[in-house]
file entry-v3.txt (compact mmCIF, C-alpha atoms)
# COMPACT_ATOMS: atom_id res chain seq x y z
CA MET A 1 85.28 95.91 83.80
CA SER A 2 83.72 96.73 87.12
CA GLU A 3 82.97 100.41 87.69
CA LEU A 4 83.86 100.00 91.32
CA LEU A 5 87.42 100.73 92.34
CA THR A 6 89.29 97.54 93.03
CA LEU A 7 91.84 97.15 95.73
CA ASP A 8 94.53 96.67 93.09
CA GLU A 9 93.87 100.14 91.76
CA VAL A 10 94.10 101.95 95.07
CA ASP A 11 96.63 99.81 96.87
CA ARG A 12 99.65 99.62 94.62
CA ASP A 13 102.18 98.95 97.33
CA GLY A 14 100.02 96.58 99.29
CA ALA A 15 99.82 98.76 102.38
CA ILE A 16 96.05 98.62 102.56
CA ARG A 17 95.99 94.87 102.09
CA GLU A 18 98.53 94.48 104.85
CA THR A 19 96.42 96.60 107.15
CA MET A 20 93.26 94.74 106.29
CA ASP A 21 95.00 91.43 106.80
CA ALA A 22 96.04 92.65 110.22
CA ILE A 23 92.48 93.66 111.03
CA ALA A 24 91.02 90.43 109.74
CA ASP A 25 93.71 88.46 111.46
CA ASP A 26 92.07 88.63 114.84
CA SER A 27 91.19 86.03 117.31
CA ARG A 28 88.11 84.20 116.13
CA ALA A 29 85.92 86.19 118.52
CA GLY A 30 87.14 89.50 117.17
CA PHE A 31 86.84 88.23 113.66
CA LEU A 32 83.16 87.45 114.00
CA LYS A 33 82.50 91.10 114.79
CA LYS A 34 84.24 92.12 111.59
CA SER A 35 82.34 89.87 109.24
CA MET A 36 82.31 92.48 106.49
CA LEU A 37 85.99 91.84 105.89
CA ALA A 38 85.50 88.12 106.15
CA THR A 39 83.07 87.88 103.25
CA GLY A 40 85.87 88.94 100.97
CA GLY A 41 83.61 91.27 99.00
CA ILE A 42 85.33 93.97 97.03
CA VAL A 43 88.52 93.36 98.97
CA GLY A 44 88.80 89.65 98.46
CA GLY A 45 87.02 88.97 95.22
CA GLY A 46 86.81 92.32 93.48
CA ALA A 47 90.31 92.37 92.08
CA LEU A 48 89.99 88.77 90.97
CA LEU A 49 86.70 89.53 89.22
CA ALA A 50 88.16 92.59 87.54
CA ALA A 51 91.01 90.49 86.20
CA MET A 52 88.51 88.07 84.72
CA ALA A 53 86.19 90.68 83.20
CA SER A 54 88.39 91.81 80.33
CA PRO A 55 86.31 91.79 77.13
CA ALA A 56 89.30 90.44 75.21
CA GLN A 57 89.18 87.23 77.21
CA ALA A 58 85.75 85.63 77.13
CA ALA A 59 85.86 82.41 79.11
CA THR A 60 86.30 79.23 77.09
CA ALA A 61 83.62 76.54 77.21
CA ASN A 62 86.15 74.45 79.14
CA ASP A 63 86.56 77.13 81.80
CA VAL A 64 82.80 77.71 82.04
CA SER A 65 82.37 74.00 82.70
CA ILE A 66 85.05 74.03 85.39
CA LEU A 67 83.61 77.13 87.07
CA ASN A 68 80.15 75.55 87.10
CA PHE A 69 81.58 72.39 88.64
CA ALA A 70 83.16 74.56 91.34
CA LEU A 71 79.92 76.50 91.75
CA THR A 72 77.94 73.32 92.35
CA LEU A 73 80.32 72.28 95.13
CA GLU A 74 80.26 75.77 96.63
CA TYR A 75 76.44 75.88 96.53
CA LEU A 76 76.46 72.61 98.47
CA GLU A 77 78.97 73.79 101.07
CA ALA A 78 77.35 77.20 101.51
CA GLU A 79 73.94 75.65 102.03
CA PHE A 80 75.30 72.99 104.40
CA TYR A 81 77.04 75.50 106.65
CA THR A 82 74.27 78.10 106.52
CA GLU A 83 71.69 75.47 107.45
CA ALA A 84 73.89 74.04 110.21
CA VAL A 85 74.25 77.47 111.82
CA ALA A 86 70.49 78.03 111.59
CA MET A 87 69.61 74.62 113.06
CA GLY A 88 71.18 75.57 116.39
CA ALA A 89 72.79 72.22 117.22
CA LEU A 90 76.34 73.58 117.12
CA SER A 91 78.27 75.16 119.94
CA GLY A 92 81.73 76.38 120.92
CA GLU A 93 84.47 76.35 118.35
CA VAL A 94 82.39 74.17 116.02
CA LEU A 95 79.82 76.97 115.81
CA ASP A 96 82.59 79.56 115.23
CA PHE A 97 83.94 77.35 112.45
CA ALA A 98 80.54 76.94 110.82
CA ARG A 99 79.80 80.68 110.90
CA ILE A 100 83.13 81.71 109.43
CA VAL A 101 83.24 78.96 106.82
CA ALA A 102 79.62 79.69 105.82
CA GLN A 103 80.61 83.29 105.10
CA HIS A 104 83.54 82.14 103.00
CA GLU A 105 81.52 79.62 101.00
CA ARG A 106 78.77 82.17 100.37
CA ALA A 107 81.45 84.56 99.14
CA HIS A 108 82.76 81.83 96.84
CA VAL A 109 79.25 81.24 95.47
CA ALA A 110 78.73 84.96 94.89
CA PHE A 111 82.09 85.24 93.16
CA LEU A 112 81.55 82.26 90.86
CA LYS A 113 78.00 83.34 89.99
CA LYS A 114 79.22 86.81 89.10
CA ALA A 115 82.10 85.41 87.04
CA LEU A 116 79.74 83.08 85.14
CA GLY A 117 76.91 85.56 84.64
CA THR A 118 74.09 83.96 82.65
CA ALA A 119 76.15 80.80 82.23
CA ALA A 120 75.93 79.98 85.94
CA VAL A 121 74.12 76.76 86.82
CA PRO A 122 71.21 77.33 89.19
CA LYS A 123 71.38 76.21 92.79
CA PRO A 124 70.28 72.59 93.29
CA SER A 125 67.95 71.56 96.07
CA PHE A 126 69.52 69.81 99.00
CA ASN A 127 68.66 67.44 101.80
CA PHE A 128 71.48 67.11 104.29
CA ARG A 129 69.92 64.10 105.95
CA GLY A 130 70.36 65.16 109.55
CA THR A 131 74.01 66.13 109.24
CA THR A 132 73.20 69.78 109.97
CA GLU A 133 71.15 68.90 113.04
CA ASN A 134 73.67 67.00 115.09
CA GLN A 135 77.09 68.28 116.08
CA ALA A 136 78.94 64.97 115.69
CA LYS A 137 77.46 64.33 112.25
CA PHE A 138 78.17 67.91 111.25
CA LYS A 139 81.84 67.61 112.24
CA ALA A 140 82.36 64.41 110.28
CA THR A 141 80.54 65.74 107.21
CA ALA A 142 82.37 69.06 107.23
CA GLN A 143 85.69 67.26 107.28
CA VAL A 144 84.73 65.19 104.24
CA LEU A 145 83.35 68.19 102.37
CA GLU A 146 86.43 70.32 102.91
CA ASP A 147 88.93 67.58 102.08
CA THR A 148 86.87 66.86 98.96
CA GLY A 149 86.92 70.53 97.98
CA VAL A 150 90.71 70.59 98.23
CA LYS A 151 90.99 67.52 95.99
CA ALA A 152 88.50 68.94 93.51
CA TYR A 153 90.22 72.30 93.05
CA ALA A 154 93.61 70.59 92.86
CA GLY A 155 92.31 68.30 90.14
CA GLN A 156 90.79 71.12 88.09
CA ALA A 157 93.52 73.74 88.38
CA PRO A 158 95.84 72.27 85.73
CA LEU A 159 92.89 72.05 83.31
CA ILE A 160 91.98 75.76 83.42
CA ASP A 161 92.68 77.80 80.27
CA SER A 162 92.57 81.32 81.66
CA ASN A 163 95.30 82.65 83.96
CA ALA A 164 92.83 84.94 85.69
CA ILE A 165 90.44 82.08 86.39
CA LEU A 166 93.34 79.91 87.55
CA ALA A 167 94.46 82.63 89.97
CA ALA A 168 90.93 82.77 91.38
CA ALA A 169 90.72 78.98 91.69
CA LEU A 170 94.04 78.85 93.54
CA SER A 171 92.94 81.56 95.95
CA ILE A 172 89.87 79.47 96.83
CA HIS A 173 91.70 76.10 96.86
CA SER A 174 94.03 77.09 99.69
CA ILE A 175 91.13 78.49 101.72
CA GLU A 176 89.37 75.13 101.48
CA ALA A 177 92.61 73.57 102.73
CA ARG A 178 92.58 75.92 105.72
CA HIS A 179 88.97 74.93 106.41
CA ALA A 180 89.88 71.24 106.15
CA SER A 181 92.81 71.63 108.52
CA TRP A 182 90.70 73.58 111.01
CA ILE A 183 87.84 71.07 111.25
CA ARG A 184 90.33 68.18 111.41
CA HIS A 185 92.00 69.94 114.30
CA ILE A 186 88.64 70.40 116.00
CA ASN A 187 87.93 66.71 115.36
CA GLY A 188 91.23 65.64 116.91
CA VAL A 189 92.66 64.11 113.74
CA PRO A 190 95.81 65.21 111.88
CA PRO A 191 95.16 68.57 110.21
CA ALA A 192 97.75 67.86 107.52
CA PRO A 193 97.85 64.10 107.08
CA ASN A 194 100.17 64.10 104.03
CA ALA A 195 103.23 65.99 102.82
CA PHE A 196 101.57 66.17 99.39
CA ASP A 197 97.81 66.51 99.08
CA PRO A 198 96.23 64.21 96.46
CA ALA A 199 94.00 65.60 93.72
CA ALA A 200 90.87 63.93 92.36
CA THR A 201 89.17 63.98 88.99
CA LYS A 202 85.79 65.61 88.44
CA GLN A 203 84.33 62.16 87.84
CA ARG A 204 85.48 60.87 91.21
CA ILE A 205 84.30 64.00 93.00
CA LEU A 206 80.85 63.89 91.43
CA ALA A 207 80.56 60.20 92.31
CA ALA A 208 81.48 60.99 95.92
CA VAL A 209 78.93 63.80 96.03
CA ALA A 210 76.24 61.58 94.51
CA ALA A 211 76.92 58.96 97.17
CA THR A 212 75.99 61.45 99.90
CA LYS A 213 72.55 61.90 98.30
CA PHE A 214 72.64 65.52 99.50
CA ILE A 215 71.60 66.87 96.08
CA THR A 216 67.93 66.07 95.54
CA GLY A 217 67.28 67.85 92.27
CA THR A 218 67.47 70.94 90.15
CA PRO A 219 65.46 73.85 91.47
CA ALA A 220 61.83 74.46 90.57
CA MET A 221 61.31 77.52 88.42
CA THR A 222 59.70 80.50 90.09
CA ALA A 223 56.28 81.68 89.01
CA SER A 224 57.81 84.22 86.67
CA GLY A 225 59.83 81.51 84.96
CA GLY A 226 63.18 82.51 86.43
CA SER A 227 65.42 80.51 88.73
CA PRO A 228 65.21 81.25 92.42
CA ALA A 229 67.99 83.57 93.58
CA PHE A 230 70.48 82.36 96.09
CA THR A 231 69.73 84.33 99.21
CA GLY A 232 72.30 82.87 101.59
CA MET B 1 114.89 88.31 83.01
CA PRO B 2 115.38 87.97 86.74
CA ASP B 3 112.25 88.57 88.70
CA HIS B 4 114.00 90.66 91.32
CA LEU B 5 115.26 94.19 91.32
CA THR B 6 118.66 94.89 89.84
CA LEU B 7 120.44 98.18 89.33
CA GLU B 8 119.77 97.97 85.60
CA VAL B 9 116.03 97.98 86.16
CA VAL B 10 116.10 100.79 88.70
CA ASP B 11 118.66 103.00 87.01
CA LYS B 12 117.56 103.26 83.39
CA ASP B 13 119.33 106.52 82.60
CA GLY B 14 122.45 105.75 84.60
CA ALA B 15 121.96 108.59 87.01
CA ILE B 16 122.46 106.40 90.03
CA ARG B 17 125.61 104.82 88.68
CA GLU B 18 126.97 108.27 87.88
CA ALA B 19 126.29 109.39 91.39
CA LEU B 20 127.90 106.30 92.88
CA ASP B 21 131.20 106.65 90.94
CA PRO B 22 133.93 107.16 92.03
CA VAL B 23 133.06 107.63 95.69
CA ARG B 24 132.85 104.76 98.10
CA SER B 25 131.64 106.40 101.27
CA SER B 26 129.48 105.80 104.25
CA SER B 27 126.77 107.95 102.72
CA ARG B 28 123.49 106.45 101.53
CA LEU B 29 124.87 106.37 98.01
CA GLY B 30 127.92 104.54 99.25
CA PHE B 31 125.67 102.04 100.98
CA LEU B 32 123.73 101.51 97.77
CA LYS B 33 126.93 100.90 95.85
CA ARG B 34 128.15 98.36 98.38
CA ALA B 35 124.75 96.63 98.34
CA VAL B 36 124.75 96.48 94.58
CA VAL B 37 128.33 95.26 94.37
CA ALA B 38 127.64 92.67 97.01
CA GLY B 39 124.50 91.15 95.58
CA GLY B 40 123.44 92.94 92.47
CA THR B 41 119.98 93.50 93.88
CA ILE B 42 118.28 96.03 96.06
CA ALA B 43 115.93 94.72 98.69
CA ALA B 44 112.38 95.85 98.09
CA GLY B 45 110.76 98.09 100.65
CA GLY B 46 112.53 101.40 100.21
CA VAL B 47 111.21 104.38 98.35
CA ILE B 48 113.48 103.59 95.40
CA ILE B 49 111.22 100.62 94.63
CA GLY B 50 108.01 102.58 94.24
CA GLY B 51 106.67 103.27 90.77
CA LEU B 52 108.64 100.55 89.02
CA PRO B 53 107.02 98.78 86.10
CA LYS B 54 105.74 95.30 86.84
CA LEU B 55 108.49 92.81 86.06
CA ALA B 56 107.21 90.46 83.39
CA VAL B 57 107.41 86.70 83.38
CA GLY B 58 107.14 84.85 80.12
CA ALA B 59 104.70 82.20 78.99
CA PRO B 60 105.08 78.93 80.89
CA SER B 61 108.09 76.89 79.84
CA PRO B 62 110.31 74.21 81.37
CA ALA B 63 113.10 76.78 81.78
CA GLN B 64 110.79 79.15 83.62
CA ASP B 65 109.47 76.25 85.71
CA ALA B 66 113.04 75.60 86.84
CA GLU B 67 113.51 79.21 87.94
CA ILE B 68 110.27 79.11 89.87
CA LEU B 69 111.08 75.76 91.47
CA LYS B 70 114.43 77.16 92.59
CA PHE B 71 112.52 80.02 94.21
CA ALA B 72 110.20 77.47 95.88
CA LEU B 73 113.22 75.43 96.98
CA THR B 74 114.70 78.47 98.74
CA LEU B 75 111.50 78.86 100.75
CA GLU B 76 111.29 75.15 101.52
CA TYR B 77 114.97 75.06 102.61
CA LEU B 78 114.16 77.93 104.97
CA GLU B 79 111.07 76.27 106.42
CA ALA B 80 112.72 72.86 106.77
CA ALA B 81 115.72 74.36 108.55
CA PHE B 82 113.48 76.45 110.81
CA TYR B 83 111.37 73.53 111.97
CA THR B 84 114.29 71.12 112.28
CA GLU B 85 116.21 73.59 114.41
CA ALA B 86 113.18 74.43 116.54
CA VAL B 87 112.61 70.77 117.40
CA ALA B 88 116.30 70.37 118.25
CA MET B 89 116.42 73.48 120.44
CA GLY B 90 114.04 71.93 122.94
CA ALA B 91 111.99 75.03 123.74
CA LEU B 92 108.76 73.65 122.30
CA SER B 93 106.24 71.56 124.13
CA GLY B 94 102.77 70.09 123.83
CA GLU B 95 100.96 70.46 120.57
CA THR B 96 103.38 73.10 119.28
CA LEU B 97 106.15 70.53 119.48
CA ALA B 98 103.99 67.95 117.73
CA PHE B 99 103.22 70.54 115.04
CA ALA B 100 106.91 71.32 114.52
CA ARG B 101 107.77 67.63 114.18
CA VAL B 102 105.04 66.87 111.65
CA VAL B 103 105.50 70.04 109.63
CA GLY B 104 109.30 69.68 109.67
CA ALA B 105 108.94 66.25 108.11
CA HIS B 106 106.64 67.67 105.43
CA GLU B 107 108.98 70.54 104.57
CA ARG B 108 111.93 68.18 104.37
CA ALA B 109 109.89 66.05 101.98
CA HIS B 110 109.16 69.17 99.90
CA VAL B 111 112.88 69.97 99.78
CA ALA B 112 113.68 66.45 98.64
CA PHE B 113 110.98 66.58 95.98
CA LEU B 114 112.09 69.93 94.57
CA LYS B 115 115.76 68.93 94.57
CA LYS B 116 114.89 65.80 92.67
CA ALA B 117 112.71 67.73 90.21
CA LEU B 118 115.51 70.23 89.58
CA GLY B 119 118.29 67.68 89.33
CA SER B 120 121.59 69.38 88.59
CA LYS B 121 119.85 72.77 88.55
CA ALA B 122 119.05 72.54 92.27
CA GLN B 123 120.90 75.15 94.27
CA LYS B 124 122.47 74.41 97.65
CA SER B 125 120.71 75.50 100.82
CA PRO B 126 121.34 79.05 102.02
CA THR B 127 122.72 79.52 105.51
CA PHE B 128 120.31 80.73 108.15
CA ASP B 129 120.16 82.57 111.43
CA PHE B 130 116.68 82.35 112.91
CA LYS B 131 117.40 85.09 115.40
CA GLY B 132 116.02 83.37 118.47
CA THR B 133 112.70 82.38 116.91
CA THR B 134 113.53 78.69 117.25
CA GLU B 135 114.40 79.09 120.92
CA ASP B 136 111.19 80.53 122.32
CA GLN B 137 107.75 78.98 121.87
CA GLY B 138 105.88 82.26 121.40
CA LYS B 139 108.36 83.55 118.82
CA PHE B 140 108.32 80.18 117.11
CA GLN B 141 104.54 80.22 116.80
CA ALA B 142 104.43 83.74 115.37
CA THR B 143 107.20 82.95 112.91
CA ALA B 144 105.58 79.71 111.83
CA ILE B 145 102.35 81.57 111.05
CA LEU B 146 104.28 84.09 108.98
CA LEU B 147 106.26 81.44 107.11
CA GLU B 148 103.25 79.26 106.31
CA ASP B 149 101.02 82.15 105.22
CA THR B 150 103.92 83.43 103.09
CA GLY B 151 104.40 80.00 101.52
CA VAL B 152 100.75 79.89 100.47
CA ALA B 153 100.95 83.37 98.94
CA ALA B 154 104.17 82.46 97.14
CA TYR B 155 102.87 79.27 95.55
CA ASN B 156 99.55 80.89 94.61
CA GLY B 157 101.43 83.78 93.05
CA GLN B 158 103.50 81.50 90.85
CA GLY B 159 100.76 79.04 89.87
CA PRO B 160 99.73 80.81 86.66
CA ASN B 161 103.39 81.00 85.56
CA LEU B 162 103.93 77.24 85.63
CA THR B 163 103.50 74.59 82.96
CA LYS B 164 100.53 72.36 83.77
CA PRO B 165 102.45 69.31 85.08
CA THR B 166 104.47 71.50 87.43
CA LEU B 167 101.29 73.31 88.48
CA ALA B 168 99.81 69.97 89.50
CA ALA B 169 102.83 69.31 91.72
CA ALA B 170 102.72 72.81 93.18
CA GLY B 171 99.00 72.35 93.83
CA SER B 172 99.72 69.31 95.96
CA ILE B 173 102.16 71.35 98.08
CA VAL B 174 100.32 74.66 98.47
CA SER B 175 97.29 73.08 100.12
CA VAL B 176 99.58 71.38 102.62
CA GLU B 177 101.18 74.75 103.46
CA ALA B 178 97.67 76.13 103.91
CA ARG B 179 96.85 73.25 106.27
CA HIS B 180 100.02 74.05 108.23
CA ALA B 181 99.05 77.72 108.41
CA ALA B 182 95.55 76.97 109.68
CA TRP B 183 96.85 74.47 112.21
CA ILE B 184 99.37 76.75 113.92
CA ARG B 185 96.87 79.63 113.82
CA ASP B 186 94.31 77.47 115.62
CA ILE B 187 96.92 76.36 118.16
CA VAL B 188 97.48 79.98 119.21
CA GLY B 189 93.82 80.97 119.02
CA LYS B 190 93.97 82.99 115.80
CA ASN B 191 91.46 82.65 112.97
CA PRO B 192 92.75 79.76 110.81
CA ALA B 193 91.17 81.25 107.68
CA PRO B 194 91.04 85.03 108.01
CA VAL B 195 89.73 85.82 104.52
CA ALA B 196 87.55 84.11 101.90
CA PHE B 197 90.19 84.30 99.15
CA ASP B 198 93.85 83.62 99.96
CA PRO B 199 95.99 86.47 98.61
CA ALA B 200 98.75 85.71 96.13
CA LYS B 201 102.05 87.56 96.21
CA THR B 202 104.66 88.13 93.55
CA LYS B 203 108.17 86.76 93.82
CA ALA B 204 109.44 90.28 94.53
CA GLN B 205 106.96 90.70 97.38
CA ILE B 206 107.88 87.32 98.85
CA LEU B 207 111.60 87.99 98.61
CA ALA B 208 111.07 91.34 100.31
CA ALA B 209 109.17 89.64 103.13
CA VAL B 210 111.89 86.99 103.49
CA ASN B 211 114.65 89.61 103.35
CA SER B 212 112.95 91.59 106.10
CA THR B 213 113.23 88.63 108.48
CA GLY B 214 117.01 88.60 108.10
CA PHE B 215 116.93 84.81 108.39
CA ILE B 216 118.99 84.18 105.25
CA THR B 217 122.61 84.99 105.99
CA GLY B 218 124.31 83.63 102.88
call {"tool": "encode", "arguments": {"input": "entry-v3.txt", "output": "structure tokens"}}
result
Amino acid sequence: MSELLTLDEVDRDGAIRETMDAIADDSRAGFLKKSMLATGGIVGGGALLAAMASPAQAATANDVSILNFALTLEYLEAEFYTEAVAMGALSGEVLDFARIVAQHERAHVAFLKKALGTAAVPKPSFNFRGTTENQAKFKATAQVLEDTGVKAYAGQAPLIDSNAILAAALSIHSIEARHASWIRHINGVPPAPNAFDPAATKQRILAAVAATKFITGTPAMTASGGSPAFTG
Amino acid sequence: MPDHLTLEVVDKDGAIREALDPVRSSSRLGFLKRAVVAGGTIAAGGVIIGGLPKLAVGAPSPAQDAEILKFALTLEYLEAAFYTEAVAMGALSGETLAFARVVGAHERAHVAFLKKALGSKAQKSPTFDFKGTTEDQGKFQATAILLEDTGVAAYNGQGPNLTKPTLAAAGSIVSVEARHAAWIRDIVGKNPAPVAFDPAKTKAQILAAVNSTGFITG
């Protein structure tokens, strides 16, 4: 159990959450100045992590596998958005989108790594093949990545054993759907193309990811023999 | 056990009931008695609600699924009626009108799906008064944001209580509500995704939020 106070413990009637939602719920410009809230640190992920940390409920092998699948996708998204912001080819609302979504995906990575502990898969190496260096390619790729993330979480949710892990997965799933809707809106295509969003199996998702050729390999070990830390 | 507040839950030692009998007055106690007699529940939000034990739900079961789907159906009835009325009222224009048309069709499809899933257990639609929010574009937009964000929190809150097949169905709906929420937020210039993890809310919290709108009239 985390030694840090979680929001659940101090905010029994939800008043703090409501206030923080109001603060975070700014215009995009105001939001970018308040990025601490946006990363969903102790506020967003802390309570979820605490719920998962009970010693009586060690994660099943099944759940570890699902969390690592999610972590791989989140590593990819976090790296894609972080690199795209750094490359400097984005502007206007597309740049706002990339900055905010990068923060979210990095928060998802941090959350999943903490939940998995030593069972976390290391970050792969990536080559985004020019899609982070050109605004049009970025927009198209982001739309595919976010829609894919929605399908992936939807496909995995019914397979999760632990209620706490399921709650966490659902809280991420709907954020990916918001991201997908946002970039579709930016791209001028229907943000919500269907009344019911389709799910996809892990097999189909991994095949789709492999087809992008974005993942180029598992990371090299550092000189000390450990895996490189994710510094995004 | 109903997942809303009843007098039995609030009044374990009968002190409230004692105080309410035999007087029917215009005092606060009299109001409570009339509220209880009328609906058997007390809307969350007042001080009487604080400090209550968390109401438990059981392990997933088809019977519990049905209760949860009825809860979802209430919310979908509300959304479908809101969007349908807003389009009909004629106060919307541009992309907000397009949004209302598309989203109205989705919510009507959600209603149809849930009614079919519930079969004879499906309840009829409540009656609504949207208090002018369907007649003014700015009020419509603000209300749509509230309703869509609330829908996401409601479905996410119930997910762990569902059997797996029903969870799969709910999963296909919640992401659409999230898309709706992000869309209308972007239309008005708000952050489509304000936090990294979407908050879940309990049924009691959702019902309190819905009650506070006053939209459901019967």
call {"tool": "interface_residues", "arguments": {"input": "entry-v3.txt", "of": "chain B", "to": "chain A", "cutoff": "7 Å", "atoms": "all atoms listed in the file", "output": "PyMOL selection string"}}
result
chain B and resi 106+109+156+160+164+167-168+171-176+178-180+182-183+189-199
call {"tool": "atom_distance", "arguments": {"input": "entry-v3.txt", "atom1": "atom CA of Thr143 of chain B", "atom2": "atom CA of Ala72 of chain B"}}
result
18.1 Å
call {"tool": "atom_distance", "arguments": {"input": "entry-v3.txt", "atom1": "atom CA of Ala119 of chain A", "atom2": "atom CA of Leu73 of chain A"}}
result
16.0 Å
call {"tool": "closest_residue", "arguments": {"input": "entry-v3.txt", "among": "B:Thr127, B:Thr133, B:Ser120, B:Thr202", "to": "Val152 of chain B", "atoms": "all atoms listed in the file"}}
result
B:Thr202
call {"tool": "closest_residue", "arguments": {"input": "entry-v3.txt", "among": "A:Ala70, A:Val94, A:Ala59, A:Ala89", "to": "Gly149 of chain A", "atoms": "all atoms listed in the file"}}
result
A:Ala70
call {"tool": "residues_around", "arguments": {"input": "entry-v3.txt", "residues": "Thr118 of chain A", "least_positions_apart": "2", "cutoff": "12 Å", "atoms": "only C-alpha atoms", "output": "ChimeraX atom specification"}}
result
/A:64,68,112-116,120-122,226-227
call {"tool": "atom_distance", "arguments": {"input": "entry-v3.txt", "atom1": "atom CA of Ser212 of chain B", "atom2": "atom CA of Glu79 of chain B"}}
result
15.4 Å
call {"tool": "residues_around", "arguments": {"input": "entry-v3.txt", "residues": "Tyr77 of chain B", "least_positions_apart": "2", "cutoff": "8 Å", "atoms": "all atoms listed in the file", "output": "ChimeraX atom specification"}}
result
/B:73-75,79-81,107-108,111,125-126
call {"tool": "closest_residue", "arguments": {"input": "entry-v3.txt", "among": "B:Ala100, B:Leu146, B:Val188, B:Leu69", "to": "Thr84 of chain B", "atoms": "all atoms listed in the file"}}
result
B:Ala100
call {"tool": "axis_aligned_box", "arguments": {"input": "entry-v3.txt", "around": "segment 161-177 of chain A", "padding_each_side": "5 Å", "output": "AutoDock Vina command-line options"}}
result
--center_x 92.3 --center_y 79.3 --center_z 91.5 --size_x 15.9 --size_y 21.4 --size_z 32.5
call {"tool": "closest_residue", "arguments": {"input": "entry-v3.txt", "among": "B:Ala122, B:Glu85, B:Asp129, B:Gly94", "to": "Phe215 of chain B", "atoms": "all atoms listed in the file"}}
result
B:Asp129
